[in-house]
file start16.cif (mmCIF, C-alpha atoms)
data_final
#
loop_
_atom_site.label_atom_id
_atom_site.label_comp_id
_atom_site.auth_asym_id
_atom_site.auth_seq_id
_atom_site.Cartn_x
_atom_site.Cartn_y
_atom_site.Cartn_z
CA MET L 15 0.00 0.00 0.00
CA PHE L 16 2.68 2.47 1.05
CA GLY L 17 4.79 1.61 -1.99
CA LEU L 18 1.89 2.15 -4.40
CA VAL L 19 1.09 5.51 -2.82
CA MET L 20 4.70 6.66 -3.10
CA ILE L 21 4.92 5.49 -6.74
CA GLY L 22 1.77 7.46 -7.51
CA LEU L 23 3.13 10.58 -5.82
CA VAL L 24 6.43 10.29 -7.69
CA GLY L 25 4.50 9.97 -10.96
CA ILE L 26 2.51 13.09 -10.18
CA ILE L 27 5.69 15.01 -9.33
CA PHE L 28 7.28 14.01 -12.65
CA ALA L 29 4.15 15.01 -14.56
CA VAL L 30 4.05 18.42 -12.88
CA SER L 31 7.77 18.89 -13.55
CA PHE L 32 7.29 18.24 -17.27
CA ALA L 33 4.33 20.64 -17.34
CA ILE L 34 6.39 23.37 -15.67
CA ALA L 35 9.25 22.78 -18.14
CA GLY L 36 6.79 23.22 -21.00
CA ARG L 37 5.54 26.49 -19.54
CA ARG L 38 9.10 27.75 -19.19
CA ALA L 39 9.74 27.01 -22.87
CA ARG L 40 6.64 29.02 -23.78
CA PHE L 41 7.78 31.93 -21.61
CA MET L 42 11.17 31.91 -23.31
CA ALA L 43 9.56 31.95 -26.76
CA GLU L 44 7.31 34.85 -25.83
CA GLY L 45 10.23 36.77 -24.35
CA ALA L 46 12.29 36.28 -27.50
CA ALA L 47 9.39 37.49 -29.66
CA VAL L 48 8.88 40.56 -27.46
CA SER L 49 12.59 41.39 -27.65
CA VAL L 50 12.57 41.23 -31.46
CA LEU L 51 9.27 43.04 -32.13
CA LEU L 52 9.13 45.61 -29.35
CA PRO L 53 11.55 48.12 -30.95
CA THR L 54 9.24 48.39 -33.98
CA ASN L 55 5.97 48.32 -32.01
CA PRO L 56 6.31 49.58 -28.40
CA THR L 57 2.70 48.65 -27.55
CA LEU L 58 3.23 44.89 -27.90
CA THR L 59 2.97 42.66 -24.84
CA ALA L 60 3.62 38.99 -24.17
CA ALA L 61 -0.13 38.44 -23.70
CA MET L 62 -0.73 39.71 -27.25
CA ILE L 63 2.01 37.57 -28.76
CA GLY L 64 1.35 34.34 -26.85
CA PRO L 65 -1.76 33.10 -28.73
CA HIS L 66 0.09 33.39 -32.06
CA LEU L 67 3.06 31.26 -31.03
CA ARG L 68 1.13 28.00 -31.24
CA SER L 69 2.19 27.57 -34.87
CA VAL L 70 4.97 29.08 -36.96
CA ASP L 71 2.66 30.02 -39.82
CA ASP L 72 0.17 31.78 -37.56
CA TYR L 73 2.98 33.77 -35.93
CA ASP L 74 4.46 34.79 -39.28
CA ARG L 75 1.11 35.98 -40.63
CA TRP L 76 0.30 37.89 -37.45
CA ALA L 77 3.76 39.49 -37.22
CA LEU L 78 3.60 40.74 -40.79
CA ARG L 79 0.04 42.00 -40.44
CA GLN L 80 0.00 43.59 -36.98
CA ALA L 81 3.26 43.38 -35.05
CA VAL L 82 5.67 45.01 -37.49
CA GLN L 83 5.04 48.75 -37.64
CA PRO L 84 7.19 51.64 -38.91
CA ALA L 85 10.41 51.61 -36.91
CA VAL L 86 10.45 53.63 -33.68
CA TYR L 87 14.17 53.92 -33.07
CA ASP L 88 13.93 55.48 -29.61
CA ALA L 89 11.86 52.54 -28.36
CA ARG L 90 14.89 50.26 -28.26
CA MET L 91 16.91 52.31 -25.79
CA PRO L 92 14.83 51.86 -22.59
CA GLN L 93 14.86 48.07 -23.03
CA TRP L 94 18.62 47.81 -22.75
CA HIS L 95 19.38 50.47 -20.13
CA TRP L 96 18.35 49.97 -16.50
CA SER L 97 18.35 52.49 -13.67
CA PRO L 98 17.16 51.88 -10.09
CA GLY L 99 14.04 53.43 -8.66
CA THR L 100 11.40 52.80 -11.35
CA VAL L 101 8.27 51.55 -9.56
CA ARG L 102 5.27 50.01 -11.29
CA PRO L 103 1.76 49.08 -10.08
CA VAL L 104 1.22 45.47 -9.04
CA LEU L 105 -1.75 43.29 -8.19
CA PRO L 106 -3.10 43.45 -4.62
CA GLY L 107 -2.39 40.60 -2.24
CA ALA L 108 0.58 38.31 -1.74
CA THR L 109 3.15 38.26 -4.54
CA ALA L 110 4.20 35.09 -6.35
CA PHE L 111 7.61 35.49 -4.70
CA ALA L 112 6.03 35.43 -1.21
CA VAL L 113 3.84 32.43 -2.09
CA ARG L 114 6.88 30.59 -3.48
CA ARG L 115 8.79 31.19 -0.26
CA ALA L 116 5.87 29.87 1.82
CA ALA L 117 5.56 26.88 -0.51
CA GLY L 118 9.26 26.10 -0.14
CA ILE L 119 9.06 26.16 3.66
CA SER L 120 5.93 23.99 3.74
CA ALA L 121 7.40 21.50 1.25
CA SER L 122 10.60 21.20 3.31
CA ILE L 123 8.61 20.54 6.50
CA ALA L 124 6.37 18.04 4.69
CA MET L 125 9.33 16.13 3.29
CA LEU L 126 11.10 16.07 6.67
CA VAL L 127 8.02 14.74 8.48
CA ALA L 128 7.40 12.22 5.69
CA VAL L 129 10.96 10.90 5.96
CA VAL L 130 10.65 10.55 9.74
CA ILE L 131 7.36 8.68 9.49
CA ALA L 132 8.63 6.45 6.67
CA THR L 133 11.74 5.62 8.69
CA ILE L 134 9.61 4.61 11.68
CA LEU L 135 7.38 2.43 9.52
CA ILE L 136 10.37 0.70 7.93
CA ALA L 137 12.36 0.28 11.15
CA ASP L 138 9.46 -1.13 13.23
CA HIS L 139 8.98 -4.72 12.10
CA ASP L 140 5.69 -5.21 13.92
CA PRO L 141 3.87 -1.88 14.21
CA LEU L 142 0.18 -1.57 14.83
CA VAL L 143 -1.93 -1.63 11.69
CA ARG L 144 -3.60 1.58 12.85
CA PHE L 145 -0.22 3.31 13.09
CA ARG L 146 0.71 2.19 9.58
CA VAL L 147 -2.54 3.53 8.15
CA LEU L 148 -2.27 6.83 10.00
CA GLY L 149 1.38 7.21 8.95
CA VAL L 150 0.60 6.68 5.28
CA VAL L 151 -2.38 9.05 5.45
CA LEU L 152 -0.26 11.73 7.13
CA ILE L 153 2.53 11.42 4.53
CA VAL L 154 0.03 11.70 1.68
CA ALA L 155 -1.67 14.69 3.32
CA LEU L 156 1.61 16.53 3.86
CA LEU L 157 2.83 15.94 0.32
CA ALA L 158 -0.57 16.91 -1.05
CA ALA L 159 -0.44 20.15 0.94
CA ALA L 160 2.99 20.88 -0.53
CA GLY L 161 1.54 20.26 -3.98
CA VAL L 162 -1.32 22.68 -3.30
CA PHE L 163 1.18 25.37 -2.28
CA ARG L 164 3.15 24.72 -5.46
CA LEU L 165 -0.03 25.07 -7.50
CA ALA L 166 -0.77 28.34 -5.70
CA VAL L 167 2.62 29.63 -6.83
CA GLU L 168 1.81 28.80 -10.45
CA LEU L 169 -1.63 30.42 -10.26
CA ARG L 170 -0.30 33.61 -8.71
CA ALA L 171 2.63 33.72 -11.15
CA ALA L 172 0.19 33.29 -14.05
CA ALA L 173 -1.94 36.20 -12.78
CA GLU L 174 1.14 38.41 -12.52
CA TYR L 175 2.28 37.38 -15.99
CA GLN L 176 -1.10 38.32 -17.47
CA ALA L 177 -0.78 41.71 -15.72
CA GLY L 178 2.55 42.29 -17.49
CA TYR L 179 5.10 41.57 -14.76
CA THR L 180 6.59 38.88 -12.53
CA THR L 181 8.10 38.87 -9.04
CA LEU L 182 9.81 35.47 -9.47
CA THR L 183 13.47 36.45 -9.56
CA PRO L 184 16.17 33.88 -10.47
CA MET L 185 17.23 31.66 -7.57
CA ARG L 186 20.20 29.43 -6.75
CA HIS L 187 19.12 26.03 -5.43
CA ALA L 188 21.91 24.47 -3.39
CA ASN L 189 22.20 20.93 -2.07
CA SER L 190 23.86 19.70 1.11
CA ARG L 191 27.32 19.98 -0.50
CA GLY L 192 26.84 23.61 -1.46
CA SER L 193 26.49 22.97 -5.18
CA GLY L 194 23.23 22.78 -7.10
CA TRP L 195 21.44 24.36 -10.01
CA ILE L 196 20.49 27.92 -10.93
CA GLU L 197 16.92 28.85 -11.76
CA PRO L 198 16.92 30.79 -15.07
CA ASP L 199 15.11 34.08 -15.67
CA VAL L 200 12.64 32.81 -18.30
CA ARG L 201 9.81 35.37 -18.07
CA THR L 202 11.62 38.01 -20.10
CA GLY L 203 8.44 38.94 -21.97
CA VAL L 204 7.21 40.89 -18.93
CA ASP L 205 8.78 43.26 -16.38
CA LEU L 206 10.73 41.69 -13.52
CA VAL L 207 9.68 43.43 -10.30
CA ASP L 208 11.22 43.30 -6.83
CA ALA L 209 8.59 41.86 -4.48
CA SER L 210 9.56 44.14 -1.57
CA THR L 211 9.86 47.56 -3.22
CA ARG L 212 7.85 47.01 -6.42
CA SER L 213 10.81 48.45 -8.35
CA VAL L 214 11.47 47.19 -11.88
CA LEU L 215 14.66 45.10 -12.03
CA ARG L 216 14.39 44.23 -15.73
CA VAL L 217 11.96 45.63 -18.29
CA ALA L 218 10.03 43.45 -20.73
CA GLY L 219 12.10 42.52 -23.75
CA ALA L 220 15.46 43.03 -22.09
CA ALA L 221 18.04 40.26 -21.72
CA ALA L 222 17.56 37.68 -18.97
CA LEU L 223 19.22 38.37 -15.63
CA THR L 224 21.56 36.06 -13.78
CA VAL L 225 21.14 35.39 -10.07
CA GLN L 226 24.08 37.67 -9.32
CA GLU L 227 22.77 40.51 -11.48
CA SER L 228 19.25 40.34 -10.04
CA ASP L 229 20.68 40.41 -6.50
CA ARG L 230 22.89 43.38 -7.40
CA ARG L 231 19.99 45.34 -8.83
CA ARG L 232 17.82 44.48 -5.83
CA ARG L 233 20.49 45.85 -3.48
CA ALA L 234 20.81 48.98 -5.63
CA THR L 235 17.06 49.64 -5.49
CA PRO L 236 16.06 52.45 -3.08
CA ALA L 237 14.53 51.02 0.08
CA THR L 238 12.05 53.90 0.31
CA SER L 239 9.99 52.79 -2.72
CA GLU L 240 6.35 52.42 -1.69
CA PRO L 241 4.32 49.40 -2.79
CA GLN L 242 1.54 50.25 -5.26
CA THR L 243 -1.55 48.32 -6.29
CA SER L 244 -3.77 48.45 -9.29
#
call {"tool": "encode", "arguments": {"input": "start16.cif", "output": "structure tokens"}}
result
Amino acid sequence: MFGLVMIGLVGIIFAVSFAIAGRRARFMAEGAAVSVLLPTNPTLTAAMIGPHLRSVDDYDRWALRQAVQPAVYDARMPQWHWSPGTVRPVLPGATAFAVRRAAGISASIAMLVAVVIATILIADHDPLVRFRVLGVVLIVALLAAAGVFRLAVELRAAAEYQAGYTTLTPMRHANSRGSGWIEPDVRTGVDLVDASTRSVLRVAGAAALTVQESDRRRRATPATSEPQTS
């Protein structure tokens, strides 16, 4: 029973991981399209471009018909030059960055408790049946709660993306040995906004930021910027 439950949970995790990877590829495609077309049409947004990226032919027809306008040479300059202190309106409520941090904490606690319970179930050769059932139920509930938090991150991030910005800055994920992997800045089709000050760290269409560069710009942002809502 326990083994089947764990296999099912692992399968769900892999499926969600593939879905998230697909979304990241779409974000990267939209960001690249914004970067190319924005200098000739400053009114374009990732939300406008997204529906036309489902097929190459549709995108080509749309770009020739609507996206490409007479060149506006001054429109290119703001996309490649950043200065601290620019604040933009954001959606009310918790930011995707805050929800992601809460999700990370809850997932860590859930995994720790699940490992402890699993260790007890494996080590005890003759536990009560009731304890086994309760242990499995608790593990499933904790992991399900972590999954709900992760879904909340995606929903909030999607709402921000539709509003034309994101608060999900690049992160470095380290393991117990200090190494790990770096989360890329894939949402380049929208503004990257600091969750604390609401200051723009990278405008839509500009090149992706590294973890080091996003941290540097966050430190350079004035701490007196007031949060705004729309």
call {"tool": "axis_aligned_box", "arguments": {"input": "start16.cif", "around": "range 105-112 of chain L", "padding_each_side": "5 Å", "output": "AutoDock Vina command-line options"}}
result
--center_x 2.3 --center_y 39.3 --center_z -4.7 --size_x 20.7 --size_y 18.4 --size_z 17.0
call {"tool": "residues_near_point", "arguments": {"input": "start16.cif", "point": "(4.4, 44.5, -11.1)", "cutoff": "10 Å", "atoms": "all atoms listed in the file", "output": "PDB file with C-alpha atoms, in the frame of the given file"}}
result
ATOM      1  CA  VAL L 101       8.270  51.550  -9.560  1.00  0.00           C
ATOM      2  CA  ARG L 102       5.270  50.010 -11.290  1.00  0.00           C
ATOM      3  CA  PRO L 103       1.760  49.080 -10.080  1.00  0.00           C
ATOM      4  CA  VAL L 104       1.220  45.470  -9.040  1.00  0.00           C
ATOM      5  CA  LEU L 105      -1.750  43.290  -8.190  1.00  0.00           C
ATOM      6  CA  PRO L 106      -3.100  43.450  -4.620  1.00  0.00           C
ATOM      7  CA  THR L 109       3.150  38.260  -4.540  1.00  0.00           C
ATOM      8  CA  GLU L 174       1.140  38.410 -12.520  1.00  0.00           C
ATOM      9  CA  TYR L 175       2.280  37.380 -15.990  1.00  0.00           C
ATOM     10  CA  ALA L 177      -0.780  41.710 -15.720  1.00  0.00           C
ATOM     11  CA  GLY L 178       2.550  42.290 -17.490  1.00  0.00           C
ATOM     12  CA  TYR L 179       5.100  41.570 -14.760  1.00  0.00           C
ATOM     13  CA  THR L 180       6.590  38.880 -12.530  1.00  0.00           C
ATOM     14  CA  THR L 181       8.100  38.870  -9.040  1.00  0.00           C
ATOM     15  CA  VAL L 204       7.210  40.890 -18.930  1.00  0.00           C
ATOM     16  CA  ASP L 205       8.780  43.260 -16.380  1.00  0.00           C
ATOM     17  CA  LEU L 206      10.730  41.690 -13.520  1.00  0.00           C
ATOM     18  CA  VAL L 207       9.680  43.430 -10.300  1.00  0.00           C
ATOM     19  CA  ASP L 208      11.220  43.300  -6.830  1.00  0.00           C
ATOM     20  CA  ALA L 209       8.590  41.860  -4.480  1.00  0.00           C
ATOM     21  CA  ARG L 212       7.850  47.010  -6.420  1.00  0.00           C
ATOM     22  CA  SER L 213      10.810  48.450  -8.350  1.00  0.00           C
ATOM     23  CA  VAL L 214      11.470  47.190 -11.880  1.00  0.00           C
ATOM     24  CA  PRO L 241       4.320  49.400  -2.790  1.00  0.00           C
ATOM     25  CA  GLN L 242       1.540  50.250  -5.260  1.00  0.00           C
ATOM     26  CA  THR L 243      -1.550  48.320  -6.290  1.00  0.00           C
ATOM     27  CA  SER L 244      -3.770  48.450  -9.290  1.00  0.00           C
TER      28      SER L 244
END
call {"tool": "atom_distance", "arguments": {"input": "start16.cif", "atom1": "CA of Ser120 in chain L", "atom2": "CA of Arg164 in chain L"}}
result
9.6 Å
call {"tool": "closest_residue", "arguments": {"input": "start16.cif", "among": "L:Gly45, L:Pro98, L:Gly36, L:Pro65", "to": "Ala218 in chain L", "atoms": "only C-alpha atoms"}}
result
L:Gly45
call {"tool": "resolve_selection", "arguments": {"input": "start16.cif", "expression": "the PyMOL selection byres ((chain L and resi 167) around 9)", "output": "list of chain:residue names"}}
result
L:Thr109, L:Ala110, L:Phe111, L:Ala112, L:Val113, L:Arg114, L:Ala117, L:Val162, L:Phe163, L:Arg164, L:Leu165, L:Ala166, L:Glu168, L:Leu169, L:Arg170, L:Ala171, L:Ala172
